[in-house]
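For reference, data-v4.txt (compact mmCIF, C-alpha atoms and all ligand atoms):
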# COMPACT_ATOMS: atom_id res chain seq x y z
CA MET A 1 13.85 -69.94 91.82
CA THR A 2 16.85 -70.97 93.89
CA GLN A 3 17.91 -73.93 91.73
CA HIS A 4 18.34 -71.65 88.67
CA LEU A 5 20.86 -69.44 90.42
CA PRO A 6 24.39 -69.85 89.06
CA TYR A 7 25.77 -69.41 92.56
CA ALA A 8 25.90 -71.66 95.54
CA ALA A 9 23.03 -70.83 97.85
CA TYR A 10 22.81 -70.63 101.61
CA PRO A 11 24.53 -71.88 103.69
CA ALA A 12 27.57 -71.84 101.37
CA THR A 13 26.68 -68.32 100.36
CA ARG A 14 26.22 -65.80 103.15
CA MET A 15 25.57 -62.34 101.80
CA ARG A 16 26.41 -60.79 105.13
CA ARG A 17 30.10 -61.82 104.85
CA ASN A 18 30.83 -58.85 102.60
CA ARG A 19 29.13 -56.51 105.04
CA LEU A 20 30.89 -57.55 108.21
CA HIS A 21 33.54 -54.84 108.43
CA ASP A 22 33.95 -51.34 107.20
CA TRP A 23 36.89 -52.38 105.03
CA ARG A 24 34.80 -55.09 103.35
CA ARG A 25 31.98 -52.68 102.72
CA ARG A 26 34.38 -50.17 101.22
CA LEU A 27 35.94 -52.83 99.05
CA THR A 28 32.62 -54.02 97.64
CA ARG A 29 30.88 -50.65 97.32
CA GLU A 30 29.63 -50.05 93.78
CA THR A 31 28.89 -46.33 93.95
CA LYS A 32 31.04 -43.72 95.62
CA LEU A 33 30.04 -40.13 95.84
CA SER A 34 32.83 -37.70 95.10
CA THR A 35 33.15 -33.93 95.23
CA ASP A 36 33.42 -34.07 91.42
CA ASP A 37 29.73 -35.01 91.35
CA LEU A 38 28.51 -31.84 93.02
CA ILE A 39 27.05 -28.68 91.53
CA LEU A 40 26.25 -26.07 94.16
CA ALA A 41 22.86 -24.39 93.76
CA MET A 42 23.10 -20.83 95.01
CA VAL A 43 20.75 -17.84 95.19
CA VAL A 44 22.14 -14.31 94.90
CA HIS A 45 20.61 -10.90 95.53
CA ASP A 46 21.52 -7.29 94.84
CA GLY A 47 21.45 -5.87 98.36
CA GLN A 48 24.14 -5.25 100.94
CA GLU A 49 23.12 -7.87 103.48
CA ALA A 50 25.66 -10.70 103.23
CA ARG A 51 23.27 -13.60 103.86
CA ILE A 52 19.50 -13.36 103.92
CA PRO A 53 17.95 -16.56 105.27
CA VAL A 54 15.26 -18.25 103.19
CA ASP A 55 12.35 -19.16 105.47
CA SER A 56 11.38 -22.39 103.79
CA MET A 57 14.99 -23.49 103.26
CA PRO A 58 16.78 -23.64 106.62
CA ALA A 59 20.52 -22.92 106.40
CA THR A 60 20.15 -21.65 102.83
CA PHE A 61 20.66 -17.98 102.02
CA ARG A 62 20.39 -15.32 99.41
CA TYR A 63 23.97 -14.12 99.09
CA SER A 64 25.17 -10.60 98.34
CA HIS A 65 27.72 -10.10 95.54
CA THR A 66 30.61 -10.04 98.01
CA GLU A 67 29.41 -13.09 99.86
CA ALA A 68 28.72 -14.96 96.59
CA VAL A 69 32.30 -14.35 95.56
CA ALA A 70 33.54 -15.68 98.91
CA VAL A 71 31.39 -18.78 98.53
CA ALA A 72 32.69 -19.28 94.99
CA GLN A 73 36.25 -19.23 96.31
CA GLU A 74 35.32 -21.67 99.04
CA ALA A 75 33.64 -23.99 96.51
CA GLU A 76 36.67 -23.80 94.24
CA SER A 77 39.05 -24.62 97.06
CA LEU A 78 36.89 -27.56 98.11
CA GLY A 79 37.10 -28.90 94.55
CA ILE A 80 33.44 -28.44 93.64
CA PRO A 81 33.41 -28.32 89.82
CA MET A 82 30.57 -25.87 89.26
CA ILE A 83 28.09 -23.46 90.84
CA ALA A 84 24.59 -22.89 89.46
CA VAL A 85 23.54 -19.31 90.13
CA PHE A 86 19.91 -18.22 90.59
CA PRO A 87 18.88 -14.60 91.10
CA PHE A 88 16.49 -12.96 93.52
CA ILE A 89 15.37 -9.90 91.57
CA ASP A 90 14.07 -6.78 93.27
CA PRO A 91 10.27 -6.92 92.74
CA ALA A 92 10.38 -3.28 91.57
CA LEU A 93 12.43 -4.40 88.55
CA LYS A 94 9.99 -7.10 87.44
CA ASP A 95 7.64 -6.65 84.51
CA ALA A 96 5.58 -8.81 82.19
CA LYS A 97 8.43 -9.28 79.73
CA GLY A 98 11.17 -9.91 82.25
CA SER A 99 13.12 -6.94 80.87
CA GLU A 100 15.69 -7.05 83.65
CA ALA A 101 16.92 -10.38 82.26
CA PHE A 102 18.42 -8.43 79.35
CA ASN A 103 20.26 -5.86 81.44
CA ALA A 104 23.96 -6.41 80.78
CA ASN A 105 24.69 -4.72 84.11
CA GLY A 106 22.05 -6.70 85.96
CA LEU A 107 22.49 -8.95 88.97
CA VAL A 108 23.38 -12.20 87.19
CA PRO A 109 25.99 -10.83 84.76
CA GLU A 110 27.64 -8.75 87.47
CA VAL A 111 27.79 -11.52 90.04
CA ILE A 112 29.06 -14.18 87.69
CA ALA A 113 31.69 -11.86 86.24
CA ALA A 114 32.92 -11.20 89.78
CA MET A 115 32.83 -14.90 90.67
CA LYS A 116 34.76 -15.75 87.51
CA ARG A 117 37.50 -13.26 88.34
CA ALA A 118 37.81 -14.55 91.91
CA ALA A 119 37.51 -18.28 91.16
CA PRO A 120 38.76 -18.87 87.61
CA ASN A 121 38.88 -22.65 87.94
CA LEU A 122 35.28 -22.98 88.97
CA GLY A 123 32.58 -23.67 86.36
CA LEU A 124 29.66 -21.27 86.38
CA MET A 125 26.20 -22.22 85.24
CA THR A 126 23.28 -19.86 84.81
CA ASP A 127 19.60 -20.55 84.38
CA VAL A 128 17.99 -19.48 81.14
CA ALA A 129 14.37 -18.65 81.97
CA LEU A 130 12.45 -15.50 82.73
CA ASP A 131 10.64 -16.46 85.94
CA PRO A 132 12.95 -14.59 88.33
CA PHE A 133 12.36 -11.45 86.25
CA THR A 134 8.66 -11.55 85.38
CA ASN A 135 5.89 -10.06 87.49
CA HIS A 136 3.68 -13.08 86.67
CA GLY A 137 6.28 -15.65 87.68
CA HIS A 138 6.17 -17.65 84.45
CA ASP A 139 9.32 -18.77 82.67
CA GLY A 140 8.57 -16.89 79.49
CA LEU A 141 6.25 -14.43 77.79
CA ILE A 142 2.54 -14.98 78.28
CA ASP A 143 -0.62 -14.00 76.42
CA ASP A 144 -3.67 -12.32 77.95
CA ASN A 145 -4.92 -15.64 79.28
CA GLY A 146 -1.67 -16.42 81.03
CA MET A 147 -0.65 -19.03 78.44
CA MET A 148 3.08 -19.12 77.85
CA LEU A 149 3.93 -18.21 74.28
CA ASN A 150 6.47 -20.59 72.81
CA ASP A 151 8.24 -18.94 69.91
CA PRO A 152 8.45 -15.37 71.24
CA THR A 153 9.84 -16.82 74.47
CA ILE A 154 12.60 -18.62 72.57
CA GLU A 155 13.85 -15.35 71.14
CA ALA A 156 14.03 -13.84 74.62
CA LEU A 157 15.87 -16.87 75.98
CA VAL A 158 18.47 -16.71 73.22
CA ALA A 159 19.19 -13.08 74.13
CA GLN A 160 19.40 -13.99 77.82
CA ALA A 161 21.76 -16.91 77.15
CA ILE A 162 24.11 -14.75 75.04
CA LEU A 163 24.19 -12.10 77.73
CA GLU A 164 25.05 -14.71 80.36
CA ALA A 165 27.77 -16.19 78.15
CA ARG A 166 29.24 -12.74 77.61
CA ALA A 167 29.39 -12.22 81.37
CA GLY A 168 31.33 -15.46 81.82
CA ALA A 169 28.85 -18.32 82.11
CA ASP A 170 30.48 -21.60 81.09
CA VAL A 171 27.24 -23.55 80.96
CA VAL A 172 23.80 -22.15 80.26
CA ALA A 173 20.85 -24.13 81.52
CA PRO A 174 17.47 -23.51 79.91
CA SER A 175 14.95 -24.42 82.59
CA ASP A 176 11.82 -23.18 80.91
CA MET A 177 10.61 -26.21 78.89
CA THR A 178 9.58 -24.33 75.75
CA ASP A 179 9.92 -26.40 72.60
CA GLY A 180 12.89 -25.70 70.38
CA ARG A 181 14.85 -23.49 72.71
CA VAL A 182 17.97 -25.64 72.88
CA GLY A 183 18.60 -25.49 69.14
CA ALA A 184 17.92 -21.77 69.03
CA ILE A 185 20.22 -21.08 71.99
CA ARG A 186 22.97 -23.19 70.39
CA ALA A 187 22.70 -21.24 67.14
CA GLY A 188 22.58 -17.96 69.04
CA LEU A 189 25.65 -18.77 71.13
CA ASP A 190 27.59 -19.95 68.09
CA GLY A 191 26.62 -16.87 66.14
CA ALA A 192 27.89 -14.67 68.97
CA GLY A 193 31.22 -16.52 69.17
CA PHE A 194 30.47 -18.69 72.20
CA GLN A 195 31.03 -22.12 70.66
CA ASP A 196 32.58 -23.40 73.88
CA VAL A 197 29.73 -22.42 76.15
CA ALA A 198 27.87 -25.62 76.91
CA ILE A 199 24.15 -26.19 77.26
CA MET A 200 22.79 -28.20 80.13
CA SER A 201 19.18 -28.66 79.23
CA TYR A 202 16.51 -29.08 81.87
CA ALA A 203 15.26 -31.73 79.47
CA ALA A 204 12.84 -33.67 81.65
CA LYS A 205 11.47 -31.11 84.03
CA TYR A 206 8.24 -31.96 85.74
CA ALA A 207 5.41 -29.69 86.92
CA SER A 208 6.25 -30.40 90.54
CA ALA A 209 5.12 -29.16 93.92
CA PHE A 210 8.70 -29.61 95.10
CA TYR A 211 9.76 -26.23 93.66
CA GLY A 212 7.76 -24.26 96.23
CA PRO A 213 10.64 -23.23 98.51
CA TYR A 214 12.79 -22.17 95.53
CA ARG A 215 10.02 -19.87 94.36
CA ASP A 216 10.14 -18.36 97.86
CA ALA A 217 13.90 -18.06 97.64
CA ILE A 218 13.82 -16.15 94.35
CA GLY A 219 10.58 -14.38 95.16
CA SER A 220 8.54 -15.74 92.26
CA GLN A 221 5.98 -17.69 94.29
CA ARG A 222 3.82 -14.80 95.33
CA ALA A 223 3.93 -13.52 91.78
CA LEU A 224 3.05 -16.79 90.10
CA LYS A 225 -0.33 -16.75 88.39
CA GLY A 226 -1.67 -20.23 87.77
CA ASP A 227 0.69 -23.16 87.38
CA LYS A 228 3.29 -24.38 84.90
CA LYS A 229 1.48 -27.48 83.69
CA THR A 230 1.22 -26.30 80.07
CA TYR A 231 4.99 -26.42 79.71
CA GLN A 232 6.44 -28.62 82.43
CA MET A 233 5.89 -32.39 82.28
CA ASP A 234 3.19 -34.41 83.94
CA PRO A 235 4.57 -36.39 86.92
CA GLY A 236 2.90 -39.56 85.63
CA ASN A 237 4.99 -39.66 82.47
CA SER A 238 8.23 -41.46 81.81
CA ASP A 239 8.41 -42.33 78.08
CA GLU A 240 7.82 -38.65 77.40
CA ALA A 241 11.02 -37.85 79.29
CA LEU A 242 12.99 -39.92 76.78
CA HIS A 243 11.30 -38.05 73.94
CA GLU A 244 12.23 -34.71 75.52
CA VAL A 245 15.83 -35.79 76.06
CA ALA A 246 16.12 -37.10 72.49
CA LEU A 247 14.92 -33.79 71.09
CA ASP A 248 17.25 -31.71 73.26
CA LEU A 249 20.24 -33.86 72.31
CA HIS A 250 19.28 -33.55 68.68
CA GLU A 251 19.15 -29.78 69.09
CA GLY A 252 22.64 -29.76 70.59
CA ALA A 253 22.38 -30.15 74.36
CA ASP A 254 25.74 -31.16 75.87
CA MET A 255 24.29 -32.31 79.15
CA VAL A 256 20.76 -33.20 80.15
CA MET A 257 18.97 -32.89 83.44
CA VAL A 258 16.11 -34.57 85.21
CA LYS A 259 14.22 -32.52 87.76
CA PRO A 260 13.12 -32.93 90.55
CA GLY A 261 15.49 -35.56 91.86
CA LEU A 262 14.64 -38.06 94.52
CA ALA A 263 11.09 -38.86 93.41
CA TYR A 264 12.29 -39.14 89.79
CA LEU A 265 15.31 -41.43 90.03
CA ASP A 266 13.60 -43.93 87.73
CA ILE A 267 13.69 -41.24 85.04
CA VAL A 268 17.40 -40.63 85.67
CA ARG A 269 18.08 -44.32 85.21
CA ARG A 270 16.04 -44.57 82.02
CA VAL A 271 17.68 -41.51 80.51
CA LYS A 272 21.18 -42.70 81.38
CA ASP A 273 20.53 -46.18 80.02
CA ALA A 274 18.84 -44.97 76.84
CA PHE A 275 21.30 -42.25 75.83
CA GLY A 276 24.54 -42.69 77.75
CA VAL A 277 25.18 -38.94 77.78
CA PRO A 278 26.18 -36.69 80.68
CA THR A 279 23.07 -36.80 82.84
CA TYR A 280 22.36 -34.65 85.89
CA ALA A 281 19.66 -34.53 88.50
CA PHE A 282 18.48 -31.55 90.52
CA GLN A 283 17.90 -32.20 94.20
CA VAL A 284 15.38 -29.40 94.35
CA SER A 285 14.37 -26.98 97.05
CA GLY A 286 11.37 -28.99 98.26
CA GLU A 287 13.48 -32.09 98.79
CA TYR A 288 15.99 -29.99 100.67
CA ALA A 289 13.28 -28.31 102.77
CA MET A 290 11.58 -31.59 103.57
CA MET A 291 14.75 -33.20 104.86
CA GLU A 292 16.12 -30.09 106.57
CA ALA A 293 12.85 -29.68 108.46
CA ALA A 294 13.07 -33.23 109.73
CA ILE A 295 16.76 -32.77 110.53
CA ALA A 296 15.96 -29.61 112.51
CA ASN A 297 13.41 -31.58 114.51
CA GLY A 298 15.94 -34.26 115.28
CA TRP A 299 13.91 -36.79 113.28
CA LEU A 300 16.58 -37.46 110.70
CA ASP A 301 20.35 -37.60 111.00
CA GLY A 302 21.40 -34.73 108.72
CA GLU A 303 24.85 -35.86 107.81
CA ARG A 304 23.63 -39.33 106.93
CA VAL A 305 20.60 -38.35 104.85
CA ARG A 306 22.66 -35.83 102.92
CA MET A 307 25.32 -38.33 101.95
CA GLU A 308 22.83 -41.15 101.44
CA THR A 309 20.51 -39.25 99.12
CA LEU A 310 23.38 -37.80 97.10
CA THR A 311 24.89 -41.26 96.70
CA CYS A 312 21.51 -42.61 95.56
CA PHE A 313 21.40 -40.06 92.75
CA LYS A 314 24.71 -41.35 91.52
CA ARG A 315 23.67 -44.97 91.88
CA ALA A 316 20.61 -44.18 89.74
CA GLY A 317 22.90 -43.02 86.94
CA ALA A 318 23.42 -39.31 87.52
CA ASP A 319 26.86 -38.00 86.58
CA GLY A 320 26.32 -35.08 88.89
CA ILE A 321 23.81 -33.58 91.28
CA ILE A 322 22.71 -29.98 91.54
CA THR A 323 22.22 -29.51 95.25
CA TYR A 324 21.98 -26.88 97.97
CA TRP A 325 24.08 -29.26 100.07
CA ALA A 326 27.20 -29.19 97.90
CA LEU A 327 29.37 -27.32 100.42
CA GLU A 328 28.40 -29.56 103.33
CA ALA A 329 28.90 -32.69 101.23
CA ALA A 330 32.24 -31.51 99.85
CA LYS A 331 33.49 -30.79 103.38
CA ARG A 332 32.40 -34.22 104.47
CA LEU A 333 34.19 -35.79 101.49
CA ALA A 334 37.39 -33.77 101.92
C1 LIG A 401 12.49 -22.02 86.92
C2 LIG A 401 13.31 -22.83 87.84
C3 LIG A 401 12.77 -23.53 88.92
C4 LIG A 401 13.85 -24.14 89.57
C5 LIG A 401 15.02 -23.81 88.89
N1 LIG A 401 14.66 -23.00 87.81
C6 LIG A 401 11.39 -23.67 89.45
C7 LIG A 401 10.21 -23.57 88.61
O1 LIG A 401 10.12 -24.17 87.54
O2 LIG A 401 9.30 -22.86 89.04
C8 LIG A 401 13.68 -25.00 90.79
C9 LIG A 401 14.79 -25.13 91.72
C10 LIG A 401 14.42 -25.74 93.03
O3 LIG A 401 13.24 -26.00 93.34
O4 LIG A 401 15.36 -25.96 93.80
N2 LIG A 401 13.02 -21.59 85.78

Go through the file and emit its structure as structure tokens.
Amino acid sequence: MTQHLPYAAYPATRMRRNRLHDWRRRLTRETKLSTDDLILAMVVHDGQEARIPVDSMPATFRYSHTEAVAVAQEAESLGIPMIAVFPFIDPALKDAKGSEAFNANGLVPEVIAAMKRAAPNLGLMTDVALDPFTNHGHDGLIDDNGMMLNDPTIEALVAQAILEARAGADVVAPSDMTDGRVGAIRAGLDGAGFQDVAIMSYAAKYASAFYGPYRDAIGSQRALKGDKKTYQMDPGNSDEALHEVALDLHEGADMVMVKPGLAYLDIVRRVKDAFGVPTYAFQVSGEYAMMEAAIANGWLDGERVRMETLTCFKRAGADGIITYWALEAAKRLA
């Protein structure tokens, strides 16, 4: 092996030389995390209480409208490019069809309109999926056996995306994994005059156990009947992720996402290498919970694991990371 290397070997070459001082490490570092890489994941609710803690996500909250606006201003002033907003819907408003998703005066449209007014230079992204709004916890419409219906769901998602765009969403992010929704949403947005609203597709989204704490945060866990394996991807698959991404790009996705994050960095790398398009990864609730729990126990150094994991996403090829840690990371990077 050694004789084929084009470089001089030990002792002429000592790899540790470039690691000996902070300045050398900075000079040779390949990947640097920046605030520009961060998308803040944030849960909002309709009540008065400013911050409701989420049990399974220490130091993460459901924010009231007023508090969400304050956080948006903070994010904007820290230079975070975009916030991804997720709603906790009052269980009394949930039904089988997710009707509340189509209420123009509902939680999401009202909050993002207010955030947009208060922080005009901050990008706002909204999820397109019905799970926060359905009493069965699935991302779309289901039949009597609990099977998610593809084509009727697409129609609902198009209506939801247009409503979000009208309220001020800059990027809509279909997270439901039905087939054909990206193309339909693109056509719907264009038809409604929202040519400049971008689509970040949850293109390679896996049926993962790492979403558990998020489902607590938005209150869909208790509601969820069955699992999401008939629409989300099997964790053993990787080629299929490329197929999914290819289709979503063909349908008009501007940005693609891989989700979850840390356990799926090989997928991020393959997608980035294969397509060379804006590629994002979601550091999901379960990853956050897992590390925060260990941090709370004093088993992990919080500041270091936050910055390390976020940097690793970027090293793997992500152009940005959707993370509950965006504020902490941005403060650290400031
Ligand atoms: C569902 C949705 C999920 C997340 C974002 N949108 C979970 C799911 O598919 O059940 C997960 C976010 C997280 O775990 O942090 N439309």

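Among the candidates A:Asp227, A:Glu100, A:Glu49, A:Asp90, the one nearest to ligand LIG 401 (chain A) when counting only C-alpha atoms and all ligand atoms is A:Asp227.
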
Handout entry: Nearby residues, ligand LIG 401 (chain A), 10 Å, only C-alpha atoms and all ligand atoms, as a VMD selection string
Key = chain A and resid 41 to 43 57 84 to 87 126 to 132 137 to 140 173 to 177 202 205 to 218 220 to 221 224 227 to 228 231 to 232 259 to 261 282 to 289 322 to 324

Exercise for the section: For Val271 in chain A, list every protein, DNA or RNA residue within 9 Å, evaluated using only C-alpha atoms, and leave out those in the same chain fewer than 5 positions away; present the list as a list in words. Expected result: Ala241, Leu242, Val245, Val256, Val258, Asp266, Gly276, Val277, Thr279 and Gly317 of chain A

Exercise for the section: Can you pull out every residue within 8 Å of Leu124 in chain A, counting only C-alpha atoms, but drop anything in the same chain fewer than 2 positions away, and send it as JSON, numbers by chain? Expected result: {"A": [82, 83, 84, 85, 112, 116, 122, 126, 168, 169, 170, 171]}

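Residue nearest Asp248 in chain A, chosen from A:Met233, A:Ala326, A:Ile267, A:Val182 and counting only C-alpha atoms: A:Val182.
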
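The space between CA of Asp196 in chain A and CA of Leu249 in chain A spans 16.3 Å.
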
Practice task
Figure out the distance between CA of Pro91 in chain A and CA of Phe61 in chain A, please, to one decimal in Å.
Solution key: 17.8 Å

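What separates CA of Asn18 in chain A from CA of Glu303 in chain A is a distance of 24.3 Å.
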
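Take the candidates A:His4, A:Val54, A:Glu110, A:Met307 and check each one against Lys331 in chain A using only C-alpha atoms; the shortest distance goes to A:Met307.
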
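Across A:Thr35, A:Ser99, A:Thr28, A:Thr66, the tightest approach to Pro81 in chain A is made by A:Thr35 when counting only C-alpha atoms.
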
Problem - Answer as a ChimeraX atom specification, residues within 12 Å of (23.7, -9.2, 92.0) using only C-alpha atoms - result: /A:43-50,62-69,85-90,100-101,103-115

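For the choices A:Met148, A:Leu40, A:Ala293, A:Leu163, the atom-to-atom distance to Leu189 in chain A is smallest for A:Leu163 when using all atoms listed in the file.
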